[in-house]
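Heads up, the thing below is written out as structure tokens.
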Amino acid sequence: MLTVKQIDVYIGRKQIIKQVSFQVKPGEIVGLVGPNGAGKTTIMKTILGLTKFNGKITVNQQAITENHHAPLAKVGALIEHPAIYPFLTGLQNLQLYSQDPTDMRQLVTLLQMDAYINTKAKGYSLGMKQKLGIAIALLNQPDLVILDEPMNGLDVEATISIRKIIKQYAERGTAFLISSHVLSELQKVMTQVILINHGSMIVNQNVAAFNQRAQKQYQLNTVANAATTKLLQAHQLTFSKTKTGFLVPREEIFAIQDLLAAQQIHLKMLAPVQLNFEQIIVDLLERQRGREHEKTLS
Amino acid sequence: MAASLYQEFYKLAHRKVIWIAPIILLGLMVLAGYTVGYGESKLLTALSYDSHDWIMFILVIVGATFFSMEFQNNAILTLLYKASSKLYVYLSKLIVLLVYNLFLHGLALILTVVLRWLPLNKPVAWTTLYQYHQPLWENMLKASALDLITTTLVISIIFLLSCLINNNAVVVSVTFLLIFMGQFLSSSILLAGNLFSLNLLPLVKWNPFNMLNLTAQYVNYITYHATSHLETGQLLNGALLYAIGFFILGYLVFRKKRF
């Protein structure tokens, strides 16, 4: 469906995206996750042929360039803000892009917009505009849908409804690439996770494998944390620092205990931690920052 | 391209200003009929009741928002990715505004025919000889056709500015300022050039704002030729070349723009 191969994006001389590669297959819901400014929206814009890039992007085996968007005929998107003309009604905004009136009507009902779809969009609330933006992205039975922060401004009911619709479309074979700051929401729908930071891809895994990271860590706290850091570094053991101590991989806890005992550093705590999705992301980002910091020092 | 054209026509047809503008045009043409003078029927007919100036106003107001509307409504990204290429987006906007320009000129001609029935001015026959020893109806049609070229040049300037500036109000203000001040500056420089016998005249007379005198010079050759220092044919060719140049330049800016 979508193949992104070693893309680099520059704004001026600054490299915004560095060698990012991934695939989105039919029916997959891929979550694009990362901190502000990581490059999520830029990746989405690049896929839509809105920025210059090096590398290769194909949709259904057809290459996309900045000036060749023909392969995007079956792609829907909501990027940054919903594209809505205030002087048109909601329905007229949809009619602008719709190729199938039946599909358009069904979408209006599915997204529960019947009550206000015939009123001018200038009076719409943030949530109503967001729903309309999602409806525009879902028009004409797309093969691929790109949604940038789709849950922005939506209330709980609307969020649940959008989640259901995304799953429903994915079951029919539509592929999704979604970015969201509400990680818990994304977690409920996505099948694949891509973690981006500073324009580089850190993780690209299916959700089941990604979640296994949650049981793989132990929390470690000793009477001498500074000495422990040096010891772990000296023996090139994997760890990340927390506010009170360290997070260490399960498979290394025996080796760590032996080392600490040899140095007569007493344990204060060694306990398994069950990380939630957000914590795993934060942990991964902290580890990457640590690696980058070490690189800078060396 | 067909989809982009459909979208542009759809948006145009649903904007209130598009339908209010012809009513304002009619009002201003009636006002011109009253104010220019009862005995100036031939001039009023040839100038389509001064509709050419008002059409330029309308085009600046409508045209200046053609691109900025997309930026302000966050629609530019959707518009671009849904189109096969950036060129189609630019061309479809251009075609739609040129068609609207054609519609306004056609409407002005029809309104001129209607207004001649009203007792605004002294009745004059269509076949009365006026400028260039041609009948009045021919003067009117030729002035209108030439004004289509003048307003196309105005549209090209609007497009170039719209691609450079994202804000609605700023584009409208700058376009008004540039077109009307530009015309004023151009004629001032040309007159000054003549006055002080500076050698700049052969160069300055080819400035794009001088080409905006095309319609006026056709209807009032003696007065305007003294300012423009160019023949009507030269103004016509200049207006066409500048319009094409500005359209290409506008597209290059649009293509390079980051969204």
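Here, A, B, ... name the chains of the structure tokens in the order displayed, residue numbers run from 1 inside each chain, and ligands are numbered from 1 in the same displayed order.
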Practice task
Check every residue of chain A for an atom within 8 Å of chain B, counting only C-alpha atoms, and provide those that qualify as a PyMOL selection string.
Solution key: chain A and resi 48-51+66-70+72-73+77-79+81-88+96-97
Practice task
Write out as a count of residues only which residues come within 10 Å of Ile17 in chain A when counting only C-alpha atoms, dropping same-chain ones fewer than 3 positions away.
Solution key: 22
Handout entry: Picked from range 118-257 of chain B by DSSP as helix (DSSP H, G or I), as JSON, numbers by chain
Key = {"B": [131, 132, 133, 136, 137, 138, 139, 140, 141, 142, 143, 144, 145, 146, 147, 148, 149, 150, 151, 152, 153, 154, 155, 156, 157, 158, 159, 160, 161, 162, 163, 164, 168, 169, 170, 171, 172, 173, 174, 175, 176, 177, 178, 179, 180, 181, 182, 183, 184, 185, 186, 187, 188, 189, 190, 191, 192, 193, 194, 195, 201, 202, 203, 204, 208, 209, 210, 211, 212, 213, 214, 215, 216, 217, 218, 219, 221, 222, 223, 224, 225, 226, 227, 228, 232, 233, 234, 235, 236, 237, 238, 239, 240, 241, 242, 243, 244, 245, 246, 247, 248, 249, 250, 251, 252, 253, 254, 255, 256]}
Practice task
Tell me, in Å to one decimal, how far CA of Glu40 in chain B is from CA of His52 in chain B.
Solution key: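 Separating CA of Glu40 in chain B from CA of His52 in chain B is a distance of 16.7 Å.
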Practice task
For Gln92 in chain A, please output as a VMD selection string all residues within 9 Å (counting only C-alpha atoms; exclusion window: fewer than 2 positions along the same chain).
Solution key: (chain A and resid 88 to 90 94 to 96 117 to 118 120) or (chain B and resid 10)
Within 12 Å of Tyr100 in chain B, counting only C-alpha atoms, which residues qualify if same-chain residues fewer than 4 places away don't, as an mmCIF file with C-alpha atoms, in the first residue's frame?
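Saved as part-v6.cif:
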data_model
loop_
_atom_site.group_PDB
_atom_site.id
_atom_site.type_symbol
_atom_site.label_atom_id
_atom_site.label_comp_id
_atom_site.auth_asym_id
_atom_site.auth_seq_id
_atom_site.Cartn_x
_atom_site.Cartn_y
_atom_site.Cartn_z
ATOM 1 C CA GLU B 8 -12.934 26.388 -8.044
ATOM 2 C CA PHE B 9 -16.212 27.064 -9.879
ATOM 3 C CA LEU B 12 -16.849 30.865 -6.669
ATOM 4 C CA ALA B 13 -20.558 30.229 -7.211
ATOM 5 C CA ILE B 18 -19.697 37.149 -6.557
ATOM 6 C CA TRP B 19 -23.436 37.832 -6.774
ATOM 7 C CA ALA B 21 -20.724 42.572 -7.138
ATOM 8 C CA PRO B 22 -22.942 42.729 -10.314
ATOM 9 C CA ILE B 55 -14.824 45.855 -12.881
ATOM 10 C CA MET B 56 -11.171 46.424 -11.957
ATOM 11 C CA ILE B 58 -14.410 44.055 -8.207
ATOM 12 C CA LEU B 59 -11.626 41.878 -9.613
ATOM 13 C CA VAL B 62 -12.581 38.968 -5.503
ATOM 14 C CA GLY B 63 -9.226 37.949 -6.997
ATOM 15 C CA LYS B 93 -7.868 29.356 -10.208
ATOM 16 C CA LEU B 94 -6.638 31.436 -13.123
ATOM 17 C CA ILE B 95 -9.232 30.061 -15.557
ATOM 18 C CA VAL B 96 -12.069 30.626 -13.084
ATOM 19 C CA LEU B 104 -18.500 40.847 -15.739
ATOM 20 C CA HIS B 105 -17.639 42.376 -19.123
ATOM 21 C CA GLY B 106 -20.531 40.551 -20.804
ATOM 22 C CA LEU B 107 -22.852 41.731 -18.053
ATOM 23 C CA LEU B 148 -10.521 42.371 -21.017
ATOM 24 C CA THR B 151 -8.071 43.484 -16.514
ATOM 25 C CA THR B 152 -6.181 40.283 -17.398
ATOM 26 C CA ILE B 155 -5.451 39.668 -12.571
#
Exercise for the section: Measuring atom to atom with only C-alpha atoms, identify which of A:Leu259, A:Val273, A:Leu247, A:Ile57 is nearest to Glu286 in chain A. Expected result: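 The shortest atom-to-atom distance to Glu286 in chain A comes from A:Leu247.
Among the candidates B:Val219, B:Val60, B:Leu31, B:Leu200, the one nearest to Thr45 in chain B when counting only C-alpha atoms is B:Val219.
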Need the shell around Phe247 in chain B: protein/DNA/RNA residues with any atom at most 10 Å away, counting only C-alpha atoms. Skip same-chain ones fewer than 6 positions apart. Format as a compact mmCIF listing (two decimals) with N, CA and C atoms, in the first residue's frame?
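Contents of the output file around.txt:
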# COMPACT_ATOMS: atom_id res chain seq x y z
N TYR B 90 -3.09 26.08 -9.72
CA TYR B 90 -2.85 27.46 -10.15
C TYR B 90 -3.68 27.77 -11.41
N LEU B 91 -3.62 26.87 -12.39
CA LEU B 91 -4.33 27.10 -13.66
C LEU B 91 -5.84 27.16 -13.46
N LEU B 94 -6.81 30.42 -12.08
CA LEU B 94 -6.64 31.44 -13.12
C LEU B 94 -7.81 31.40 -14.11
N THR B 152 -6.99 41.52 -17.49
CA THR B 152 -6.18 40.28 -17.40
C THR B 152 -4.81 40.62 -16.82
N LEU B 153 -4.27 41.79 -17.22
CA LEU B 153 -3.00 42.24 -16.63
C LEU B 153 -3.17 42.49 -15.13
N ILE B 155 -5.33 41.00 -13.20
CA ILE B 155 -5.45 39.67 -12.57
C ILE B 155 -4.06 39.05 -12.38
N SER B 156 -3.19 39.22 -13.39
CA SER B 156 -1.85 38.63 -13.28
C SER B 156 -1.08 39.26 -12.12
N ILE B 157 -1.27 40.58 -11.92
CA ILE B 157 -0.60 41.26 -10.79
C ILE B 157 -1.18 40.74 -9.46
N ILE B 158 -2.51 40.57 -9.44
CA ILE B 158 -3.18 40.05 -8.22
C ILE B 158 -2.63 38.65 -7.90
N PHE B 159 -2.51 37.80 -8.91
CA PHE B 159 -2.04 36.42 -8.69
C PHE B 159 -0.61 36.41 -8.15
N LEU B 160 0.22 37.25 -8.73
CA LEU B 160 1.61 37.30 -8.27
C LEU B 160 1.67 37.73 -6.80
N LEU B 241 2.07 40.79 -22.92
CA LEU B 241 3.36 40.20 -22.53
C LEU B 241 3.58 40.26 -21.02
N VAL B 253 6.53 31.33 -8.05
CA VAL B 253 6.48 31.63 -6.60
C VAL B 253 5.60 30.59 -5.91
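Taking CA of Tyr34 in chain B as the reference point, CA of Leu118 in chain B is found at 10.9 Å.
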Practice task
Can you work out the spacing between CA of Leu25 in chain B and CA of Phe184 in chain B in Å, to one decimal?
Solution key: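 If I compute the distance from CA of Leu25 in chain B to CA of Phe184 in chain B, I get 23.6 Å.
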Problem - All strand (DSSP E) residues (DSSP, backbone) inside range 91-277 of chain A, as an MDAnalysis selection string - result: chainID A and resid 144:148 175:179 192:197 200:206 217:222 240:241 246:249 267:273
Exercise for the section: Using only C-alpha atoms, find the one residue out of B:Val89, B:Leu203, B:Met140, B:Ile149 that sits nearest to Val113 in chain B. Expected result: B:Met140
Practice task
Name the residues in contact with Lys216 in chain A at a cut-off of 10 Å, using only C-alpha atoms, excluding same-chain residues fewer than 3 positions from it; report them as a list in words.
Solution key: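 Residues near the query, excluding close chain neighbours: Asn211, Gln212, Arg213, Leu247, Val248, Pro249, Arg250, Glu251, Pro272, Val273, Gln274 and Leu275 of chain A.
Distance check against Pro119 in chain B using only C-alpha atoms: of B:Phe254, B:Leu102, B:Gly182, B:Ser41, the minimum falls on B:Ser41.
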